[in-house]
Amino acid sequence: MTRLQILELPEGADDERPPFVLVVDEYTAQRVVSGTGQTAASFLDPVETAAREIGACGTLVFAETVEIPANDVSAEFREVLQQTVGEIYESARRSLSESETFGHQMLQRAENAEGRARAMEVQRDRANRRAERAEAGRVAADNVLRAVCDVFGGPHVDPVVKARETLALAEARQEELVDRMDQVTDALGLDRLRDWPEIVTALRVYRVAAEQLGRGAAGGT
């Protein structure tokens, strides 16, 4: 069966398109008459006619099979090509999947952030309401204290101010007492919160020893 192949030629500077040669192999030459009454010299070769029609620079005709390396696509080349195309497709598919996953993660994070923001807003509103209730309670307590002082008599200064001064003084004295207790427990090597029974026992022992020492000193005189 006749085969037609194209053999590309080096392109010249004046060529409008790449030049090529029409290669025909497995071909049996035939001659046909173009018209009646014509001589054999006017017989036309269909291969040459086809070459002129497609713009080939010439023809190469062979009776045997001729393989043009430039047109040969081996099985190995096809396998490599398929593998390369497959890798490109798989890479594109992974990139698309990763993009979708990243987009989903970003959307999830945005939704979580929005949820946390709403939760924080609710907590902030609750804290504000608690602070407002506490302030209202403090104002109410101050008003009650002032009313009681008006009825039963009270300090010549604002009873609320006086109460706060008294509370501050009590807190200061409590801090002073705690400081002294810390000094005592440090001297005993004990913890005032954890070792309170041992502290009491040590103080009692100290008191008995002090009383005995006092009686001894009095008897000696």
# chains A, B, ... in the order shown; residues from 1 in each chain; ligands from 1
>>> residues_around(residues="Ile54 of chain A", least_positions_apart="3", cutoff="10 Å", atoms="only C-alpha atoms", output="list in words")
Phe20, Leu22, Thr49, Ala50, Ala51 and Cys57 of chain A
>>> write_last_selection(atoms="C-alpha atoms", output="compact mmCIF listing (two decimals), in the first residue's frame")
# COMPACT_ATOMS: atom_id res chain seq x y z
CA PHE A 20 9.42 20.10 2.36
CA LEU A 22 6.91 14.63 -0.59
CA THR A 49 0.90 16.28 -9.69
CA ALA A 50 0.09 15.85 -6.00
CA ALA A 51 3.45 17.30 -5.01
CA CYS A 57 9.78 21.28 -3.41
>>> atom_distance(atom1="atom CA of Glu111 of chain A", atom2="atom CA of Gln123 of chain A")
18.3 Å
>>> select_by_dssp(residues="segment 60-205 of chain A", states="alpha helix (DSSP H)", output="number ranges by chain")
A: 75-152, 159-188, 196-205
>>> atom_distance(atom1="atom CA of Ala210 of chain A", atom2="atom CA of Asp179 of chain A")
23.6 Å
>>> residues_around(residues="Thr185 of chain A", least_positions_apart="4", cutoff="12 Å", atoms="only C-alpha atoms", output="NGL selection string")
:A and (178-181 or 189-200 or 202-203)
>>> residues_around(residues="Gln5 of chain A", least_positions_apart="6", cutoff="10 Å", atoms="only C-alpha atoms", output="list in words")
Val21, Leu22, Val23, Val24, Asp25, Leu60, Val66, Glu67, Ile68 and Asn71 of chain A
>>> select_by_dssp(residues="segment 44-190 of chain A", states="strand (DSSP E or B)", output="list in words")
Leu44, Thr59, Leu60 and Val61 of chain A
>>> closest_residue(among="A:Ala163, A:Ala127, A:Val47, A:Ala13", to="Ala141 of chain A", atoms="only C-alpha atoms")
A:Ala163
>>> atom_distance(atom1="atom CA of Ala134 of chain A", atom2="atom CA of Pro159 of chain A")
19.8 Å
>>> closest_residue(among="A:Glu100, A:Glu53, A:Glu8, A:Glu26", to="Thr65 of chain A", atoms="only C-alpha atoms")
A:Glu26
